[in-house]
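Note sheet for the following structure.
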Amino acid sequence: MIQVNHLTKVYKGKMFETKALDDVSFSLQEGSFVAVMGDSGSGKTTLLNILGGMDSATQGEVLFFGTDTQKLSPGQLDKFRKENISFVFQHFALIDEYTVYENLEAPLLARNVKKKVRKKEISEVLKSLGLEDFTYQLPDQLSGGQRQRVALARSILCKAPIILADEPTGALDEGNTSRVMELFQALHKEGKTIILITHDEKVAAYAERMLLLRDGRLIKQSGGQE
Amino acid sequence: MHLWALLQSTFLQIYSRKKAFFVTLLLLVVSFLVVDYALMILVPVCGSKAIFSQTLSRDSGDIYCLNMWKYFFPGYYAQEDIYSLLQDIQGLEQVEGAGVYFYTNTERITAEDSDLLVISPELLSMTKLRDTTGSGIDLSSQEGSHPAAVGYALRDRYPVGSVIHDIQQETDYVVKYILEKDCRFLGEDIGSGLCASLDERIVVGASAYLEEYMFALDYAISQNSLCFFVSPKADIAGIEPQIYQCAAAYGLDIYNIKSFSEKADMSFGDIWQEKEQFVMPLLLLIMAVVATIVSSMIEIYTRKRTIGILYATGYFKKDIKRMYIMENVIKLGIAFSVAIAYWNTQRDFFAQDSAYFVLRQVFVVSLALTLVMLVVGSIFPLRQLDKLPVAQIVMEESE
Ligand SMILES: Nc1ncnc2c1ncn2[C@@H]1O[C@H](COP(=O)(O)OP(=O)(O)OP(=O)(O)O)[C@@H](O)[C@H]1O
Ligand SMILES: [Mg+2]
């Protein structure tokens with residue numbers, strides 16, 4: 001259960017202030033698949049960063065199962081993030097010097113997974129995403145779609161219940177977009193909570209709920225029970 | 001994260017940037033080779049001041065030593081030149097015992113593990129060696145008989161009157177003295193061969209030895225071990241220029257221990273007066289330290305993105321910092337070991353025994369230096385990492 005109450009984020013510049021989020025409130029069930037939409041500059045990324053504990057709110061609460069992440073110490077927040085959240089980025093955020101295998105090894109090493117288990121889990125996830133031929137390639141030897149699937153594989157290996165994705169299909173063509181979105185849908189079926197930013201109506205259609213932001217305000221919610 | 005997982009992550013980091021790693025490692029290895037060499041020069045120079053000024057029983061105003069530090073490559077000690085120089089000096093009036101040397105070096109005489117130490121009888125009189133009976137020790141040869149003094153631990157194997165045969169020299173030594181327990185040439189142990197216990201050694205006089213013992217000189221030519229002295233009655237002011245002139249003819253450098261030991265009551269300013277001896281090694285030292293720090297700081301900048309990604313996949317800042325420290329430990333550890341191992345193989349360039357002591361000192365100082373470099377080389381980059389807005393970097397990835 002994620003509950004966002006009166007979330008406001010103000011960026012204070014030297015000359016003027018930007019209200020990136022303005023009194024946003026909503027709640028999500030565990031396991032829901034939400035698309036966040038809105039024009040450029042409407043505050044989508046800001047919202048996602050605050051949800052993911054990468055940025056702090058100016059006002060309001062973000063409750064995950066009753067815990068307000070805004071009140072956690074930096075150390076607690078790091079721990080919370082590690083256990084609960086994985087990220088997928090528009091530009092994949094793969095480590096260029098690491099092979100696909102090594103990129104996937106990173107989240108497992110961070111979680112003290114043993115070598116044998118790492119090997120097994122990585123080969124399983126690569127197989128299920130149809131990437132086994134690229135195991136020892138470097139990211140720049142892969143296409144955008146393949147890279148995003150690797151990034152998705154990595155976020156799967158984080159084994160976090162919540163996946164936050166900021167325009168994961170923003171750099172992909174139509175074919176790759178649908179492939180990646182099918183994967184998101186499969187993860188959703190497995191019970192992951194997915195919050196995904198997109199500009200694309202077709203992408204949003206994969207989600208069961210939609211939040212629409214404009215100038216930092218939540219102006220429309222559709223789908224879902226709440 | 002567990003240590004093992006951190007170590008594997010560190011190796012992954014190193015492996016993924018193996019070229020950059022190799023280049024910095026190379027830089028470090030070269031720096032350490034040079035630094036250790038610099039230390040091999042500095043340590044004995046400092047050490048010998050202490051030795052001569054503190055422990056010689058006799059006024060050392062008339063002892064001269066060859067200054068070895070100038071010969072940058074240890075193999076290049078121009079042994080023949082040195083031998084000729086000593087003969088020239090011997091030719092000078094009022095100079096006694098040129099070519100005698102405070103001998104810290106050893107030569108095996110039997111298959112057994114006893115070492116033979118050769119020392120000039122004149123220099124011997126200046127030391128604090130004592131016989132178990134309390135009598136003074138005289139090792140000068142008489143009527144073709146060469147006396148020897150054996151260490152306390154060897155008293156049963158070589159009792160007084162027994163004969164020790166030197167296979168290489170075809171010489172017999174007759175044991176005349178048993179040294180007191182834990183006897184040393186010089187008093188307190190300041191980490192020099194001259195201060196090592198003589199319990200398991202056999203000491204013989206150089207006078208018998210030198211006549212035909214050319215190769216002894218090879219060994220004599222170790223740092224600070226080659227000395228000769230001028231008679232106390234001599235007009236030192238008059239003879240000194242001649243000595244320097246002889247040395248200059250061979251391009252060798254000689255210094256007077258007294259002027260040296262006067263400087264040994266040293267303030268830092270005094271040491272600095274000797275700066276031509278210290279400047280080069282010190283500069284090299286500083287350069288190496290700076291190179292380490294700068295290279296690890298640059299690495300934080302060039303790896304900003306990687307750090308952000310690792311953070312987003314579940315590494316804590318704390319983990320990333322530890323990985324940095326581990327990487328530095330690995331790098332410095334390799335550089336330290338390679339340099340020490342290399343100089344250890346070059347031991348033959350120095351005389352065996354003193355090389356061991358010099359190397360041991362260099363090892364300790366170099367280890368301390370490595371630790372300092374590790375701390376200093378980590379403080380700045382880690383503080384930099386502390387300030388690095390990782391969350392910001394991760395957020396930029398989504399743009
Ligand atoms: N670090 C920052 N400092 C100051 N202002 C910021 C910062 N980050 C975002 N903003 C401002 O906050 C507002 C919302 O930005 P945000 O990045 O959330 O928009 P977005 O909906 O993700 O846009 P896009 O679709 O272009 O990615 C914008 O006006 C932006 O200029
Ligand atoms: Mg955005």
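Following the order of the structure tokens, first chain is A, next is B, and so on, with residues numbered from 1 inside each chain and ligands from 1 in the order they appear.
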Could you list, as a PyMOL selection string, every residue of chain A that has an atom within 8 Å of an atom of chain B, counting only C-alpha atoms? chain A and resi 45+49+54-55+78+81-82+86-87+89-95+97-98+102+106-107+109-113+155+158+166-167
Can you pull out the residues contacting Met326 of chain B? Cut-off 10 Å, using only C-alpha atoms, and skip same-chain residues under 6 positions away; I want them as a PyMOL selection string. chain B and resi 6-7+10-11+320+332+374
Kindly indicate which residue among B:Leu367, B:Cys183, B:Leu26, B:Ile298 lies nearest to Ser337 of chain B, using only C-alpha atoms for the distances.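 For Ser337 of chain B, the nearest of the candidates is B:Leu367.
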Under the rule that only C-alpha atoms and all ligand atoms are counted, which of A:Met37, A:Leu28, A:Leu218, A:Leu108 is the nearest residue to ligand 1? A:Met37
Neighbour list for Ser123 of chain A as a PyMOL selection string, cut-off 9 Å, only C-alpha atoms, skip fewer than 3 positions in-chain: chain A and resi 101+118-120+126-128+132+135
For the selection just defined, write its residues with N, CA, C and O atoms to a file, as a compact mmCIF listing (two decimals), in the first residue's frame.
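Now in out_34.txt:
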```txt
# COMPACT_ATOMS: atom_id res chain seq x y z
N TYR A 101 26.49 -9.60 -18.30
CA TYR A 101 26.52 -10.46 -17.12
C TYR A 101 26.95 -9.67 -15.87
O TYR A 101 26.33 -9.76 -14.82
N ARG A 118 24.14 -16.57 -8.08
CA ARG A 118 24.16 -15.45 -9.03
C ARG A 118 24.10 -15.98 -10.45
O ARG A 118 23.31 -15.54 -11.27
N LYS A 119 24.95 -16.96 -10.71
CA LYS A 119 25.06 -17.51 -12.05
C LYS A 119 23.71 -18.07 -12.50
O LYS A 119 23.25 -17.81 -13.62
N LYS A 120 23.08 -18.79 -11.60
CA LYS A 120 21.82 -19.44 -11.90
C LYS A 120 20.76 -18.37 -12.17
O LYS A 120 20.06 -18.41 -13.18
N LEU A 126 18.10 -14.01 -18.04
CA LEU A 126 18.49 -13.72 -19.42
C LEU A 126 17.71 -14.60 -20.39
O LEU A 126 17.29 -14.16 -21.46
N LYS A 127 17.52 -15.82 -19.99
CA LYS A 127 16.79 -16.75 -20.83
C LYS A 127 15.34 -16.29 -21.00
O LYS A 127 14.82 -16.22 -22.11
N SER A 128 14.74 -15.94 -19.87
CA SER A 128 13.33 -15.56 -19.94
C SER A 128 13.13 -14.27 -20.74
O SER A 128 12.06 -14.02 -21.26
N GLU A 132 20.03 -14.54 -23.86
CA GLU A 132 21.17 -15.37 -23.47
C GLU A 132 22.35 -15.25 -24.43
O GLU A 132 23.50 -15.45 -24.03
N THR A 135 25.08 -12.49 -23.28
CA THR A 135 25.59 -12.53 -21.90
C THR A 135 26.93 -11.81 -21.72
O THR A 135 27.11 -11.07 -20.77
```
Sel. of strand (DSSP E or B) residues, segment 26-209 of chain A, as a PyMOL selection string: chain A and resi 26-28+33-38+59-64+67-68+85-88+162-166+193-197+209
Please, which residues in chain A fall within 6 Å of ligand 1 when counting only C-alpha atoms and all ligand atoms, and what is the closest atom pair and distance in Å to one decimal for each, ordered by chain then residue number, as a Markdown table?
```
| residue | atom | partner | partner_atom_place_in_ligand_line | distance |
| --- | --- | --- | --- | --- |
| A:Tyr11 | CA | ligand 1 | 4 (C) | 4.8 |
| A:Thr18 | CA | ligand 1 | 12 (O) | 6.0 |
| A:Ala20 | CA | ligand 1 | 12 (O) | 4.1 |
| A:Asp39 | CA | ligand 1 | 25 (O) | 5.8 |
| A:Ser40 | CA | ligand 1 | 25 (O) | 3.5 |
| A:Gly41 | CA | ligand 1 | 19 (O) | 3.4 |
| A:Ser42 | CA | ligand 1 | 21 (O) | 4.0 |
| A:Gly43 | CA | ligand 1 | 18 (O) | 3.1 |
| A:Lys44 | CA | ligand 1 | 21 (O) | 3.8 |
| A:Thr45 | CA | ligand 1 | 22 (O) | 3.6 |
| A:Thr46 | CA | ligand 1 | 18 (O) | 3.7 |
```
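Taking atom CA of Met210 of chain A and atom CA of Ala35 of chain A as endpoints, the distance between them is 4.7 Å.
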Judged by only C-alpha atoms, the minimum distance to Phe33 of chain A among A:Pro74, A:Pro161, A:Gly52, A:Gly175 is found for A:Pro161
Atomic separation - atom CA of Thr24 of chain B relative to atom CA of Thr370 of chain B, Å: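 About the pair atom CA of Thr370 of chain B and atom CA of Thr24 of chain B: they are 15.2 Å apart.
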Given only C-alpha atoms and all ligand atoms as the basis, pick out the residue of A:Gly38, A:Tyr136, A:Gln221, A:Asp23 nearest to ligand 2.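 The closest residue to ligand 2 is A:Gly38.
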Determine, counting only C-alpha atoms, which protein, DNA and RNA residues have an atom within 12 Å of an atom of Thr67 of chain A; residues of the same chain fewer than 5 positions away are not included. Present the result as a JSON list (two decimals) with N, CA, C and O atoms, in the first residue's frame.
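Wrote it out as part-v5.json, contents follow:
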```json
[["chain", "number", "residue", "atom", "x", "y", "z"],
["A", 1, "MET", "N", 0.83, -1.21, 0.00],
["A", 1, "MET", "CA", 0.00, 0.00, 0.00],
["A", 1, "MET", "C", 0.86, 1.26, 0.00],
["A", 1, "MET", "O", 1.64, 1.47, 0.91],
["A", 2, "ILE", "N", 0.70, 2.04, -0.99],
["A", 2, "ILE", "CA", 1.43, 3.31, -1.05],
["A", 2, "ILE", "C", 0.43, 4.44, -0.93],
["A", 2, "ILE", "O", -0.59, 4.47, -1.64],
["A", 3, "GLN", "N", 0.70, 5.35, -0.01],
["A", 3, "GLN", "CA", -0.21, 6.47, 0.14],
["A", 3, "GLN", "C", 0.56, 7.78, 0.09],
["A", 3, "GLN", "O", 1.53, 7.97, 0.84],
["A", 4, "VAL", "N", 0.14, 8.65, -0.80],
["A", 4, "VAL", "CA", 0.79, 9.95, -0.95],
["A", 4, "VAL", "C", -0.18, 11.02, -0.50],
["A", 4, "VAL", "O", -1.31, 11.09, -1.02],
["A", 61, "GLU", "N", 3.40, 13.74, 2.89],
["A", 61, "GLU", "CA", 3.93, 12.45, 3.33],
["A", 61, "GLU", "C", 3.89, 11.44, 2.19],
["A", 61, "GLU", "O", 3.05, 11.53, 1.30],
["A", 62, "VAL", "N", 4.81, 10.51, 2.25],
["A", 62, "VAL", "CA", 4.79, 9.37, 1.34],
["A", 62, "VAL", "C", 4.83, 8.12, 2.21],
["A", 62, "VAL", "O", 5.85, 7.82, 2.83],
["A", 72, "LEU", "N", 12.43, 9.22, 7.37],
["A", 72, "LEU", "CA", 13.55, 8.30, 7.61],
["A", 72, "LEU", "C", 14.88, 9.04, 7.56],
["A", 72, "LEU", "O", 15.03, 10.04, 6.86],
["A", 76, "GLN", "N", 18.50, 4.95, 6.88],
["A", 76, "GLN", "CA", 17.28, 4.13, 6.83],
["A", 76, "GLN", "C", 16.65, 4.17, 5.44],
["A", 76, "GLN", "O", 16.13, 3.18, 4.94],
["A", 77, "LEU", "N", 16.72, 5.37, 4.84],
["A", 77, "LEU", "CA", 16.15, 5.53, 3.51],
["A", 77, "LEU", "C", 16.88, 4.65, 2.49],
["A", 77, "LEU", "O", 16.26, 3.99, 1.66],
["A", 80, "PHE", "N", 15.76, 1.18, 3.07],
["A", 80, "PHE", "CA", 14.39, 1.02, 2.58],
["A", 80, "PHE", "C", 14.39, 0.90, 1.06],
["A", 80, "PHE", "O", 13.74, 0.03, 0.48]]
```
Could you jot down the atom CA of Val34 of chain A to atom CA of Glu17 of chain A separation for me, Å, one decimal place? 29.1 Å
As a ChimeraX atom specification, please: the residues near Val375 of chain B (cut-off 12 Å, only C-alpha atoms, same-chain neighbours under 6 positions excluded). /B:289,292-293,296,324-326,328-329,332,368-369,381-383
What residues in segment 82-223 of chain A get the DSSP label helix (DSSP H, G or I)? Please answer as a short mmCIF file (atom, residue, chain, number, x, y, z; two decimals) with N, CA, C and O atoms, in the first residue's frame.
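Okay, part09.cif is ready:
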```
data_model
loop_
_atom_site.label_atom_id
_atom_site.label_comp_id
_atom_site.auth_asym_id
_atom_site.auth_seq_id
_atom_site.Cartn_x
_atom_site.Cartn_y
_atom_site.Cartn_z
N LYS A 82 16.83 0.00 -0.93
CA LYS A 82 17.46 -1.24 -1.38
C LYS A 82 16.50 -2.43 -1.30
O LYS A 82 16.49 -3.29 -2.16
N GLU A 83 15.70 -2.43 -0.25
CA GLU A 83 14.81 -3.58 -0.05
C GLU A 83 13.52 -3.50 -0.87
O GLU A 83 12.89 -4.52 -1.14
N ASN A 84 13.12 -2.27 -1.21
CA ASN A 84 11.78 -2.15 -1.78
C ASN A 84 11.69 -1.64 -3.21
O ASN A 84 10.69 -1.86 -3.87
N VAL A 100 27.10 -7.53 -20.03
CA VAL A 100 25.72 -7.74 -19.61
C VAL A 100 25.70 -8.54 -18.30
O VAL A 100 25.04 -8.18 -17.34
N TYR A 101 26.49 -9.60 -18.30
CA TYR A 101 26.52 -10.46 -17.12
C TYR A 101 26.95 -9.67 -15.87
O TYR A 101 26.33 -9.76 -14.82
N GLU A 102 28.00 -8.87 -16.04
CA GLU A 102 28.51 -8.12 -14.88
C GLU A 102 27.53 -7.05 -14.42
O GLU A 102 27.38 -6.79 -13.23
N ASN A 103 26.84 -6.43 -15.41
CA ASN A 103 25.81 -5.46 -15.04
C ASN A 103 24.73 -6.12 -14.19
O ASN A 103 24.22 -5.52 -13.25
N LEU A 104 24.40 -7.36 -14.55
CA LEU A 104 23.36 -8.05 -13.79
C LEU A 104 23.88 -8.58 -12.46
O LEU A 104 23.12 -8.82 -11.52
N GLU A 105 25.19 -8.75 -12.40
CA GLU A 105 25.79 -9.24 -11.17
C GLU A 105 25.76 -8.17 -10.07
O GLU A 105 25.67 -8.51 -8.88
N ALA A 106 25.81 -6.91 -10.49
CA ALA A 106 25.92 -5.83 -9.50
C ALA A 106 24.82 -5.86 -8.43
O ALA A 106 25.13 -5.86 -7.24
N PRO A 107 23.54 -5.89 -8.82
CA PRO A 107 22.52 -5.90 -7.75
C PRO A 107 22.61 -7.14 -6.87
O PRO A 107 22.31 -7.07 -5.68
N LEU A 108 23.06 -8.24 -7.45
CA LEU A 108 23.15 -9.47 -6.65
C LEU A 108 24.32 -9.38 -5.66
O LEU A 108 24.20 -9.79 -4.51
N LEU A 109 25.44 -8.83 -6.14
CA LEU A 109 26.58 -8.64 -5.24
C LEU A 109 26.20 -7.71 -4.10
O LEU A 109 26.54 -7.94 -2.95
N ALA A 110 25.47 -6.66 -4.45
CA ALA A 110 25.06 -5.70 -3.42
C ALA A 110 24.20 -6.38 -2.37
O ALA A 110 24.08 -5.89 -1.25
N LYS A 115 28.05 -16.81 -5.49
CA LYS A 115 28.43 -16.89 -6.89
C LYS A 115 27.56 -17.89 -7.68
O LYS A 115 27.06 -17.59 -8.77
N LYS A 116 27.38 -19.07 -7.13
CA LYS A 116 26.60 -20.10 -7.82
C LYS A 116 25.18 -19.63 -8.07
O LYS A 116 24.63 -19.78 -9.16
N VAL A 117 24.61 -19.05 -7.01
CA VAL A 117 23.23 -18.58 -7.11
C VAL A 117 23.13 -17.43 -8.11
O VAL A 117 22.20 -17.36 -8.91
N ARG A 118 24.14 -16.57 -8.08
CA ARG A 118 24.16 -15.45 -9.03
C ARG A 118 24.10 -15.98 -10.45
O ARG A 118 23.31 -15.54 -11.27
N LYS A 119 24.95 -16.96 -10.71
CA LYS A 119 25.06 -17.51 -12.05
C LYS A 119 23.71 -18.07 -12.50
O LYS A 119 23.25 -17.81 -13.62
N LYS A 120 23.08 -18.79 -11.60
CA LYS A 120 21.82 -19.44 -11.90
C LYS A 120 20.76 -18.37 -12.17
O LYS A 120 20.06 -18.41 -13.18
N GLU A 121 20.66 -17.41 -11.27
CA GLU A 121 19.60 -16.40 -11.41
C GLU A 121 19.79 -15.56 -12.67
O GLU A 121 18.83 -15.24 -13.36
N ILE A 122 21.05 -15.21 -12.96
CA ILE A 122 21.29 -14.37 -14.13
C ILE A 122 20.94 -15.15 -15.40
O ILE A 122 20.28 -14.61 -16.30
N SER A 123 21.36 -16.40 -15.45
CA SER A 123 21.09 -17.13 -16.69
C SER A 123 19.58 -17.37 -16.85
O SER A 123 19.04 -17.34 -17.95
N GLU A 124 18.90 -17.54 -15.73
CA GLU A 124 17.44 -17.70 -15.82
C GLU A 124 16.77 -16.45 -16.37
O GLU A 124 15.95 -16.51 -17.28
N VAL A 125 17.16 -15.31 -15.79
CA VAL A 125 16.48 -14.08 -16.21
C VAL A 125 16.84 -13.74 -17.65
O VAL A 125 16.00 -13.29 -18.44
N LEU A 126 18.10 -14.01 -18.04
CA LEU A 126 18.49 -13.72 -19.42
C LEU A 126 17.71 -14.60 -20.39
O LEU A 126 17.29 -14.16 -21.46
N LYS A 127 17.52 -15.82 -19.99
CA LYS A 127 16.79 -16.75 -20.83
C LYS A 127 15.34 -16.29 -21.00
O LYS A 127 14.82 -16.22 -22.11
N SER A 128 14.74 -15.94 -19.87
CA SER A 128 13.33 -15.56 -19.94
C SER A 128 13.13 -14.27 -20.74
O SER A 128 12.06 -14.02 -21.26
N GLU A 132 20.03 -14.54 -23.86
CA GLU A 132 21.17 -15.37 -23.47
C GLU A 132 22.35 -15.25 -24.43
O GLU A 132 23.50 -15.45 -24.03
N ASP A 133 22.09 -14.86 -25.68
CA ASP A 133 23.21 -14.72 -26.63
C ASP A 133 24.10 -13.52 -26.33
O ASP A 133 25.18 -13.39 -26.89
N PHE A 134 23.63 -12.63 -25.50
CA PHE A 134 24.37 -11.38 -25.28
C PHE A 134 25.09 -11.35 -23.94
O PHE A 134 25.62 -10.32 -23.55
N PRO A 139 27.36 -3.29 -23.22
CA PRO A 139 26.11 -2.61 -23.56
C PRO A 139 26.13 -1.92 -24.94
O PRO A 139 25.15 -1.97 -25.66
N ASP A 140 27.27 -1.33 -25.30
CA ASP A 140 27.25 -0.60 -26.57
C ASP A 140 27.26 -1.52 -27.80
O ASP A 140 27.21 -1.06 -28.93
N GLN A 141 27.31 -2.83 -27.54
CA GLN A 141 27.18 -3.76 -28.66
C GLN A 141 25.72 -4.20 -28.83
O GLN A 141 25.42 -5.04 -29.68
N GLY A 144 19.06 -0.54 -28.59
CA GLY A 144 18.36 0.12 -27.49
C GLY A 144 17.37 -0.81 -26.81
O GLY A 144 17.31 -0.86 -25.57
N GLY A 145 16.61 -1.55 -27.62
CA GLY A 145 15.61 -2.46 -27.04
C GLY A 145 16.27 -3.53 -26.19
O GLY A 145 15.80 -3.83 -25.08
N GLN A 146 17.38 -4.07 -26.70
CA GLN A 146 18.09 -5.09 -25.93
C GLN A 146 18.64 -4.52 -24.63
O GLN A 146 18.55 -5.14 -23.57
N ARG A 147 19.14 -3.30 -24.73
CA ARG A 147 19.69 -2.68 -23.53
C ARG A 147 18.61 -2.47 -22.47
O ARG A 147 18.83 -2.71 -21.29
N GLN A 148 17.45 -2.02 -22.93
CA GLN A 148 16.40 -1.78 -21.95
C GLN A 148 15.94 -3.10 -21.33
O GLN A 148 15.59 -3.14 -20.15
N ARG A 149 16.00 -4.17 -22.11
CA ARG A 149 15.62 -5.46 -21.52
C ARG A 149 16.66 -5.90 -20.49
O ARG A 149 16.33 -6.47 -19.46
N VAL A 150 17.93 -5.59 -20.78
CA VAL A 150 18.96 -5.90 -19.78
C VAL A 150 18.70 -5.09 -18.51
O VAL A 150 18.75 -5.61 -17.39
N ALA A 151 18.37 -3.80 -18.71
CA ALA A 151 18.09 -2.96 -17.55
C ALA A 151 16.90 -3.51 -16.76
O ALA A 151 16.88 -3.48 -15.53
N LEU A 152 15.94 -4.03 -17.49
CA LEU A 152 14.79 -4.63 -16.82
C LEU A 152 15.18 -5.89 -16.07
O LEU A 152 14.73 -6.13 -14.94
N ALA A 153 16.03 -6.67 -16.72
CA ALA A 153 16.53 -7.88 -16.05
C ALA A 153 17.21 -7.49 -14.75
O ALA A 153 17.03 -8.13 -13.72
N ARG A 154 17.98 -6.40 -14.81
CA ARG A 154 18.67 -5.96 -13.60
C ARG A 154 17.68 -5.57 -12.51
O ARG A 154 17.84 -5.92 -11.35
N SER A 155 16.62 -4.85 -12.93
CA SER A 155 15.68 -4.43 -11.90
C SER A 155 14.91 -5.64 -11.35
O SER A 155 14.52 -5.66 -10.19
N ILE A 156 14.74 -6.67 -12.17
CA ILE A 156 14.11 -7.90 -11.67
C ILE A 156 15.00 -8.53 -10.61
O ILE A 156 14.54 -8.97 -9.56
N LEU A 157 16.32 -8.54 -10.89
CA LEU A 157 17.26 -9.18 -9.96
C LEU A 157 17.39 -8.42 -8.64
O LEU A 157 17.88 -8.97 -7.66
N GLU A 174 8.73 1.25 -31.99
CA GLU A 174 7.45 0.64 -31.64
C GLU A 174 7.56 -0.84 -31.27
O GLU A 174 7.01 -1.28 -30.26
N GLY A 175 8.32 -1.56 -32.09
CA GLY A 175 8.46 -3.00 -31.84
C GLY A 175 9.07 -3.28 -30.48
O GLY A 175 8.56 -4.08 -29.70
N ASN A 176 10.16 -2.58 -30.21
CA ASN A 176 10.83 -2.77 -28.92
C ASN A 176 9.96 -2.30 -27.76
O ASN A 176 9.98 -2.88 -26.69
N THR A 177 9.23 -1.21 -28.01
CA THR A 177 8.33 -0.71 -26.98
C THR A 177 7.36 -1.79 -26.55
O THR A 177 7.20 -2.08 -25.36
N SER A 178 6.74 -2.44 -27.52
CA SER A 178 5.74 -3.42 -27.11
C SER A 178 6.39 -4.62 -26.43
O SER A 178 5.85 -5.18 -25.48
N ARG A 179 7.58 -4.97 -26.88
CA ARG A 179 8.28 -6.08 -26.20
C ARG A 179 8.57 -5.77 -24.75
O ARG A 179 8.33 -6.58 -23.85
N VAL A 180 9.11 -4.54 -24.54
CA VAL A 180 9.43 -4.15 -23.18
C VAL A 180 8.17 -4.06 -22.33
O VAL A 180 8.13 -4.49 -21.17
N MET A 181 7.09 -3.53 -22.95
CA MET A 181 5.85 -3.37 -22.16
C MET A 181 5.24 -4.71 -21.80
O MET A 181 4.66 -4.86 -20.73
N GLU A 182 5.41 -5.69 -22.70
CA GLU A 182 4.91 -7.02 -22.35
C GLU A 182 5.65 -7.57 -21.12
O GLU A 182 5.07 -8.25 -20.28
N LEU A 183 6.93 -7.25 -21.06
CA LEU A 183 7.69 -7.68 -19.89
C LEU A 183 7.18 -7.02 -18.62
O LEU A 183 7.04 -7.66 -17.58
N PHE A 184 6.90 -5.72 -18.73
CA PHE A 184 6.35 -5.02 -17.56
C PHE A 184 5.04 -5.67 -17.13
O PHE A 184 4.78 -5.87 -15.95
N GLN A 185 4.26 -6.02 -18.17
CA GLN A 185 2.97 -6.62 -17.85
C GLN A 185 3.17 -7.97 -17.13
O GLN A 185 2.46 -8.27 -16.16
N ALA A 186 4.14 -8.73 -17.60
CA ALA A 186 4.42 -10.02 -16.96
C ALA A 186 4.84 -9.82 -15.51
O ALA A 186 4.41 -10.55 -14.61
N LEU A 187 5.67 -8.80 -15.30
CA LEU A 187 6.10 -8.51 -13.92
C LEU A 187 4.91 -8.12 -13.06
O LEU A 187 4.81 -8.49 -11.89
N HIS A 188 4.03 -7.36 -13.65
CA HIS A 188 2.82 -6.95 -12.95
C HIS A 188 2.01 -8.18 -12.55
O HIS A 188 1.54 -8.30 -11.41
N LYS A 189 1.93 -9.13 -13.47
CA LYS A 189 1.18 -10.36 -13.17
C LYS A 189 1.82 -11.13 -12.02
O LYS A 189 1.15 -11.82 -11.26
N GLU A 201 0.34 7.16 -25.19
CA GLU A 201 -0.97 6.60 -24.82
C GLU A 201 -0.95 5.07 -24.89
O GLU A 201 -1.52 4.40 -24.05
N LYS A 202 -0.29 4.57 -25.93
CA LYS A 202 -0.29 3.11 -26.12
C LYS A 202 0.42 2.41 -24.97
O LYS A 202 0.01 1.34 -24.54
N VAL A 203 1.49 3.06 -24.49
CA VAL A 203 2.21 2.49 -23.35
C VAL A 203 1.32 2.54 -22.12
O VAL A 203 1.20 1.58 -21.36
N ALA A 204 0.68 3.70 -21.94
CA ALA A 204 -0.19 3.87 -20.77
C ALA A 204 -1.30 2.83 -20.76
O ALA A 204 -1.78 2.42 -19.70
#
```
